[in-house]
Each structure stands twice: as structure tokens, then as C-alpha cells.
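Here is the file model-v9.pdb (PDB, N, CA and C atoms, pLDDT in the B column).
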```
ATOM      1  N   MET S   1      92.680 -18.044  -9.319  1.00 49.00           N
ATOM      2  CA  MET S   1      91.257 -18.324  -9.439  1.00 49.00           C
ATOM      3  C   MET S   1      90.632 -18.141  -8.054  1.00 49.00           C
ATOM      4  N   SER S   2      89.518 -17.483  -8.021  1.00 52.00           N
ATOM      5  CA  SER S   2      88.871 -17.233  -6.739  1.00 52.00           C
ATOM      6  C   SER S   2      88.017 -18.413  -6.322  1.00 52.00           C
ATOM      7  N   LYS S   3      87.618 -18.434  -5.064  1.00 56.00           N
ATOM      8  CA  LYS S   3      86.785 -19.518  -4.540  1.00 56.00           C
ATOM      9  C   LYS S   3      85.428 -19.549  -5.234  1.00 56.00           C
ATOM     10  N   LYS S   4      84.851 -18.371  -5.508  1.00 59.00           N
ATOM     11  CA  LYS S   4      83.526 -18.316  -6.120  1.00 59.00           C
ATOM     12  C   LYS S   4      83.554 -18.924  -7.523  1.00 59.00           C
ATOM     13  N   THR S   5      84.559 -18.623  -8.304  1.00 64.00           N
ATOM     14  CA  THR S   5      84.672 -19.149  -9.663  1.00 64.00           C
ATOM     15  C   THR S   5      84.852 -20.667  -9.633  1.00 64.00           C
ATOM     16  N   ASP S   6      85.657 -21.141  -8.721  1.00 77.00           N
ATOM     17  CA  ASP S   6      85.901 -22.573  -8.605  1.00 77.00           C
ATOM     18  C   ASP S   6      84.615 -23.318  -8.246  1.00 77.00           C
ATOM     19  N   TRP S   7      83.835 -22.754  -7.329  1.00 81.00           N
ATOM     20  CA  TRP S   7      82.585 -23.374  -6.902  1.00 81.00           C
ATOM     21  C   TRP S   7      81.562 -23.392  -8.027  1.00 81.00           C
ATOM     22  N   THR S   8      81.453 -22.303  -8.769  1.00 87.00           N
ATOM     23  CA  THR S   8      80.455 -22.245  -9.850  1.00 87.00           C
ATOM     24  C   THR S   8      80.828 -23.175 -10.985  1.00 87.00           C
ATOM     25  N   GLY S   9      82.106 -23.347 -11.224  1.00 87.00           N
ATOM     26  CA  GLY S   9      82.540 -24.282 -12.265  1.00 87.00           C
ATOM     27  C   GLY S   9      82.165 -25.714 -11.917  1.00 87.00           C
ATOM     28  N   LYS S  10      82.367 -26.072 -10.658  1.00 89.00           N
ATOM     29  CA  LYS S  10      82.009 -27.424 -10.216  1.00 89.00           C
ATOM     30  C   LYS S  10      80.500 -27.627 -10.250  1.00 89.00           C
ATOM     31  N   ALA S  11      79.759 -26.581  -9.881  1.00 90.00           N
ATOM     32  CA  ALA S  11      78.303 -26.677  -9.906  1.00 90.00           C
ATOM     33  C   ALA S  11      77.804 -26.829 -11.341  1.00 90.00           C
ATOM     34  N   ALA S  12      78.419 -26.138 -12.263  1.00 91.00           N
ATOM     35  CA  ALA S  12      78.028 -26.247 -13.670  1.00 91.00           C
ATOM     36  C   ALA S  12      78.299 -27.657 -14.205  1.00 91.00           C
ATOM     37  N   MET S  13      79.438 -28.220 -13.824  1.00 91.00           N
ATOM     38  CA  MET S  13      79.760 -29.582 -14.260  1.00 91.00           C
ATOM     39  C   MET S  13      78.775 -30.587 -13.668  1.00 91.00           C
ATOM     40  N   ALA S  14      78.432 -30.416 -12.406  1.00 93.00           N
ATOM     41  CA  ALA S  14      77.475 -31.322 -11.763  1.00 93.00           C
ATOM     42  C   ALA S  14      76.099 -31.180 -12.405  1.00 93.00           C
ATOM     43  N   GLY S  15      75.707 -29.965 -12.709  1.00 93.00           N
ATOM     44  CA  GLY S  15      74.415 -29.744 -13.360  1.00 93.00           C
ATOM     45  C   GLY S  15      74.349 -30.378 -14.732  1.00 93.00           C
ATOM     46  N   ALA S  16      75.439 -30.283 -15.474  1.00 94.00           N
ATOM     47  CA  ALA S  16      75.478 -30.901 -16.804  1.00 94.00           C
ATOM     48  C   ALA S  16      75.402 -32.422 -16.693  1.00 94.00           C
ATOM     49  N   ALA S  17      76.069 -32.982 -15.711  1.00 93.00           N
ATOM     50  CA  ALA S  17      76.042 -34.438 -15.522  1.00 93.00           C
ATOM     51  C   ALA S  17      74.643 -34.909 -15.139  1.00 93.00           C
ATOM     52  N   VAL S  18      73.991 -34.191 -14.240  1.00 94.00           N
ATOM     53  CA  VAL S  18      72.637 -34.565 -13.820  1.00 94.00           C
ATOM     54  C   VAL S  18      71.669 -34.411 -14.991  1.00 94.00           C
ATOM     55  N   GLY S  19      71.816 -33.344 -15.751  1.00 94.00           N
ATOM     56  CA  GLY S  19      70.933 -33.122 -16.894  1.00 94.00           C
ATOM     57  C   GLY S  19      71.074 -34.200 -17.954  1.00 94.00           C
ATOM     58  N   SER S  20      72.299 -34.601 -18.256  1.00 94.00           N
ATOM     59  CA  SER S  20      72.496 -35.626 -19.271  1.00 94.00           C
ATOM     60  C   SER S  20      72.002 -36.985 -18.781  1.00 94.00           C
ATOM     61  N   ALA S  21      72.155 -37.258 -17.489  1.00 94.00           N
ATOM     62  CA  ALA S  21      71.643 -38.512 -16.943  1.00 94.00           C
ATOM     63  C   ALA S  21      70.116 -38.535 -16.989  1.00 94.00           C
ATOM     64  N   ALA S  22      69.493 -37.398 -16.709  1.00 94.00           N
ATOM     65  CA  ALA S  22      68.031 -37.329 -16.769  1.00 94.00           C
ATOM     66  C   ALA S  22      67.540 -37.508 -18.197  1.00 94.00           C
ATOM     67  N   LEU S  23      68.237 -36.945 -19.144  1.00 94.00           N
ATOM     68  CA  LEU S  23      67.861 -37.100 -20.549  1.00 94.00           C
ATOM     69  C   LEU S  23      67.987 -38.559 -20.984  1.00 94.00           C
ATOM     70  N   ALA S  24      69.069 -39.209 -20.588  1.00 94.00           N
ATOM     71  CA  ALA S  24      69.257 -40.615 -20.940  1.00 94.00           C
ATOM     72  C   ALA S  24      68.164 -41.479 -20.314  1.00 94.00           C
ATOM     73  N   ALA S  25      67.812 -41.205 -19.079  1.00 94.00           N
ATOM     74  CA  ALA S  25      66.752 -41.971 -18.411  1.00 94.00           C
ATOM     75  C   ALA S  25      65.413 -41.759 -19.098  1.00 94.00           C
ATOM     76  N   ALA S  26      65.133 -40.544 -19.522  1.00 94.00           N
ATOM     77  CA  ALA S  26      63.874 -40.263 -20.213  1.00 94.00           C
ATOM     78  C   ALA S  26      63.804 -40.995 -21.545  1.00 94.00           C
ATOM     79  N   LEU S  27      64.901 -41.047 -22.264  1.00 93.00           N
ATOM     80  CA  LEU S  27      64.911 -41.761 -23.547  1.00 93.00           C
ATOM     81  C   LEU S  27      64.722 -43.261 -23.350  1.00 93.00           C
ATOM     82  N   LEU S  28      65.359 -43.833 -22.331  1.00 93.00           N
ATOM     83  CA  LEU S  28      65.178 -45.258 -22.044  1.00 93.00           C
ATOM     84  C   LEU S  28      63.742 -45.557 -21.655  1.00 93.00           C
ATOM     85  N   TYR S  29      63.150 -44.701 -20.831  1.00 94.00           N
ATOM     86  CA  TYR S  29      61.769 -44.893 -20.396  1.00 94.00           C
ATOM     87  C   TYR S  29      60.819 -44.837 -21.595  1.00 94.00           C
ATOM     88  N   ALA S  30      61.029 -43.884 -22.474  1.00 92.00           N
ATOM     89  CA  ALA S  30      60.155 -43.741 -23.631  1.00 92.00           C
ATOM     90  C   ALA S  30      60.288 -44.944 -24.567  1.00 92.00           C
ATOM     91  N   SER S  31      61.488 -45.434 -24.778  1.00 91.00           N
ATOM     92  CA  SER S  31      61.662 -46.571 -25.679  1.00 91.00           C
ATOM     93  C   SER S  31      61.059 -47.841 -25.088  1.00 91.00           C
ATOM     94  N   ARG S  32      61.150 -48.011 -23.776  1.00 89.00           N
ATOM     95  CA  ARG S  32      60.547 -49.197 -23.153  1.00 89.00           C
ATOM     96  C   ARG S  32      59.027 -49.135 -23.209  1.00 89.00           C
ATOM     97  N   ARG S  33      58.470 -47.942 -23.020  1.00 88.00           N
ATOM     98  CA  ARG S  33      57.013 -47.802 -23.118  1.00 88.00           C
ATOM     99  C   ARG S  33      56.546 -48.135 -24.532  1.00 88.00           C
ATOM    100  N   LYS S  34      57.302 -47.698 -25.524  1.00 85.00           N
ATOM    101  CA  LYS S  34      56.938 -47.968 -26.914  1.00 85.00           C
ATOM    102  C   LYS S  34      56.992 -49.467 -27.193  1.00 85.00           C
ATOM    103  N   GLU S  35      58.050 -50.138 -26.731  1.00 84.00           N
ATOM    104  CA  GLU S  35      58.164 -51.585 -26.935  1.00 84.00           C
ATOM    105  C   GLU S  35      57.015 -52.324 -26.251  1.00 84.00           C
ATOM    106  N   ARG S  36      56.678 -51.914 -25.046  1.00 84.00           N
ATOM    107  CA  ARG S  36      55.603 -52.570 -24.309  1.00 84.00           C
ATOM    108  C   ARG S  36      54.257 -52.352 -25.011  1.00 84.00           C
ATOM    109  N   ALA S  37      54.025 -51.161 -25.522  1.00 82.00           N
ATOM    110  CA  ALA S  37      52.773 -50.872 -26.224  1.00 82.00           C
ATOM    111  C   ALA S  37      52.670 -51.677 -27.510  1.00 82.00           C
ATOM    112  N   GLU S  38      53.780 -51.840 -28.204  1.00 78.00           N
ATOM    113  CA  GLU S  38      53.765 -52.623 -29.439  1.00 78.00           C
ATOM    114  C   GLU S  38      53.536 -54.101 -29.158  1.00 78.00           C
ATOM    115  N   SER S  39      54.069 -54.605 -28.058  1.00 79.00           N
ATOM    116  CA  SER S  39      53.923 -56.031 -27.773  1.00 79.00           C
ATOM    117  C   SER S  39      52.518 -56.372 -27.272  1.00 79.00           C
ATOM    118  N   THR S  40      51.796 -55.406 -26.708  1.00 78.00           N
ATOM    119  CA  THR S  40      50.451 -55.675 -26.218  1.00 78.00           C
ATOM    120  C   THR S  40      49.363 -55.207 -27.182  1.00 78.00           C
ATOM    121  N   ALA S  41      49.756 -54.712 -28.346  1.00 66.00           N
ATOM    122  CA  ALA S  41      48.781 -54.253 -29.331  1.00 66.00           C
ATOM    123  C   ALA S  41      47.984 -55.451 -29.850  1.00 66.00           C
ATOM    124  N   PRO S  42      46.692 -55.269 -30.136  1.00 71.00           N
ATOM    125  CA  PRO S  42      45.902 -56.388 -30.650  1.00 71.00           C
ATOM    126  C   PRO S  42      46.413 -56.846 -32.014  1.00 71.00           C
ATOM    127  N   LYS S  43      46.446 -58.130 -32.171  1.00 72.00           N
ATOM    128  CA  LYS S  43      46.934 -58.711 -33.421  1.00 72.00           C
ATOM    129  C   LYS S  43      45.789 -58.810 -34.427  1.00 72.00           C
ATOM    130  N   ALA S  44      46.116 -58.628 -35.702  1.00 74.00           N
ATOM    131  CA  ALA S  44      45.115 -58.740 -36.756  1.00 74.00           C
ATOM    132  C   ALA S  44      44.785 -60.218 -36.964  1.00 74.00           C
ATOM    133  N   PRO S  45      43.534 -60.530 -37.268  1.00 72.00           N
ATOM    134  CA  PRO S  45      43.181 -61.934 -37.513  1.00 72.00           C
ATOM    135  C   PRO S  45      43.862 -62.440 -38.777  1.00 72.00           C
ATOM    136  N   PRO S  46      44.119 -63.742 -38.857  1.00 69.00           N
ATOM    137  CA  PRO S  46      44.764 -64.286 -40.053  1.00 69.00           C
ATOM    138  C   PRO S  46      43.885 -64.096 -41.291  1.00 69.00           C
ATOM    139  N   VAL S  47      44.510 -63.929 -42.425  1.00 78.00           N
ATOM    140  CA  VAL S  47      43.782 -63.679 -43.670  1.00 78.00           C
ATOM    141  C   VAL S  47      43.035 -64.925 -44.119  1.00 78.00           C
ATOM    142  N   ASP S  48      43.699 -66.067 -44.159  1.00 79.00           N
ATOM    143  CA  ASP S  48      43.073 -67.316 -44.595  1.00 79.00           C
ATOM    144  C   ASP S  48      42.647 -68.104 -43.358  1.00 79.00           C
ATOM    145  N   VAL S  49      41.404 -67.947 -42.970  1.00 70.00           N
ATOM    146  CA  VAL S  49      40.883 -68.654 -41.815  1.00 70.00           C
ATOM    147  C   VAL S  49      40.442 -70.042 -42.273  1.00 70.00           C
ATOM    148  N   PRO S  50      40.969 -71.105 -41.670  1.00 75.00           N
ATOM    149  CA  PRO S  50      40.546 -72.446 -42.080  1.00 75.00           C
ATOM    150  C   PRO S  50      39.092 -72.703 -41.656  1.00 75.00           C
ATOM    151  N   GLU S  51      38.362 -73.357 -42.548  1.00 79.00           N
ATOM    152  CA  GLU S  51      36.965 -73.673 -42.222  1.00 79.00           C
ATOM    153  C   GLU S  51      36.910 -74.896 -41.331  1.00 79.00           C
ATOM    154  N   THR S  52      36.092 -74.818 -40.318  1.00 78.00           N
ATOM    155  CA  THR S  52      35.913 -75.951 -39.410  1.00 78.00           C
ATOM    156  C   THR S  52      34.434 -76.267 -39.299  1.00 78.00           C
ATOM    157  N   ASP S  53      34.151 -77.497 -39.003  1.00 67.00           N
ATOM    158  CA  ASP S  53      32.752 -77.902 -38.848  1.00 67.00           C
ATOM    159  C   ASP S  53      32.409 -78.131 -37.414  1.00 67.00           C
TER     160      ASP S  53
END
```
If you took the structure in this file and wrote it as C-alpha cells, what would it be?
Amino acid sequence: MSKKTDWTGKAAMAGAAVGSAALAAALLYASRRKERAESTAPKAPPVDVPETD
């Protein structure tokens, strides 16, 4: 195996690792944004509002 082939193989493995880590981080970020948006969404008023004087 030549030096060039060995280097490109390692670079390909490193690129795949970085790419998969970036994808995982993007999915975590998107899911947290969705959870945060759902928790801060305005709540609907209750259906049976008690009458007060």
C-alpha cells in the first residue's frame, strides 16, 4: 500500500466521523428547539370558566 492511499483512507474515515457527529448535533439541536417551542406555546383557555362575582 502506498503512502498516498493510506493517507486518503484515514482522511475519508475522519471525514465520515466528523460528518456523522455534525448530523447528530443538528438532530439534537432541532429536537431541543422543538421542545422549547412547544413548552412556550400559548395555552388555550379552559373550556368551563367558573363564574366569579
Quick one: what's the axis-aligned box for range 15-21 of chain S, all listed atoms, 8 Å on every side, centre and edges in Å to one decimal, as JSON?
```
{"center_x": 73.1, "center_y": -34.1, "center_z": -16.0, "size_x": 22.0, "size_y": 24.8, "size_z": 22.6}
```
If you measure from atom C of Gly9 in chain S to atom C of Ala25 in chain S, what distance in Å do you get, rounded to one decimal? 24.3 Å
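If you look at atom N of Ala11 in chain S and CA of Tyr29 in chain S, they are 27.7 Å away from each other.
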If you run DSSP over the backbone, which residues in chain S end up alpha helix (DSSP H)? Put them as number ranges by chain. S: 3-39
CA of Met13 in chain S to atom N of Ala30 in chain S, distance in Å rounded to a single decimal: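 The value is 25.0 Å.
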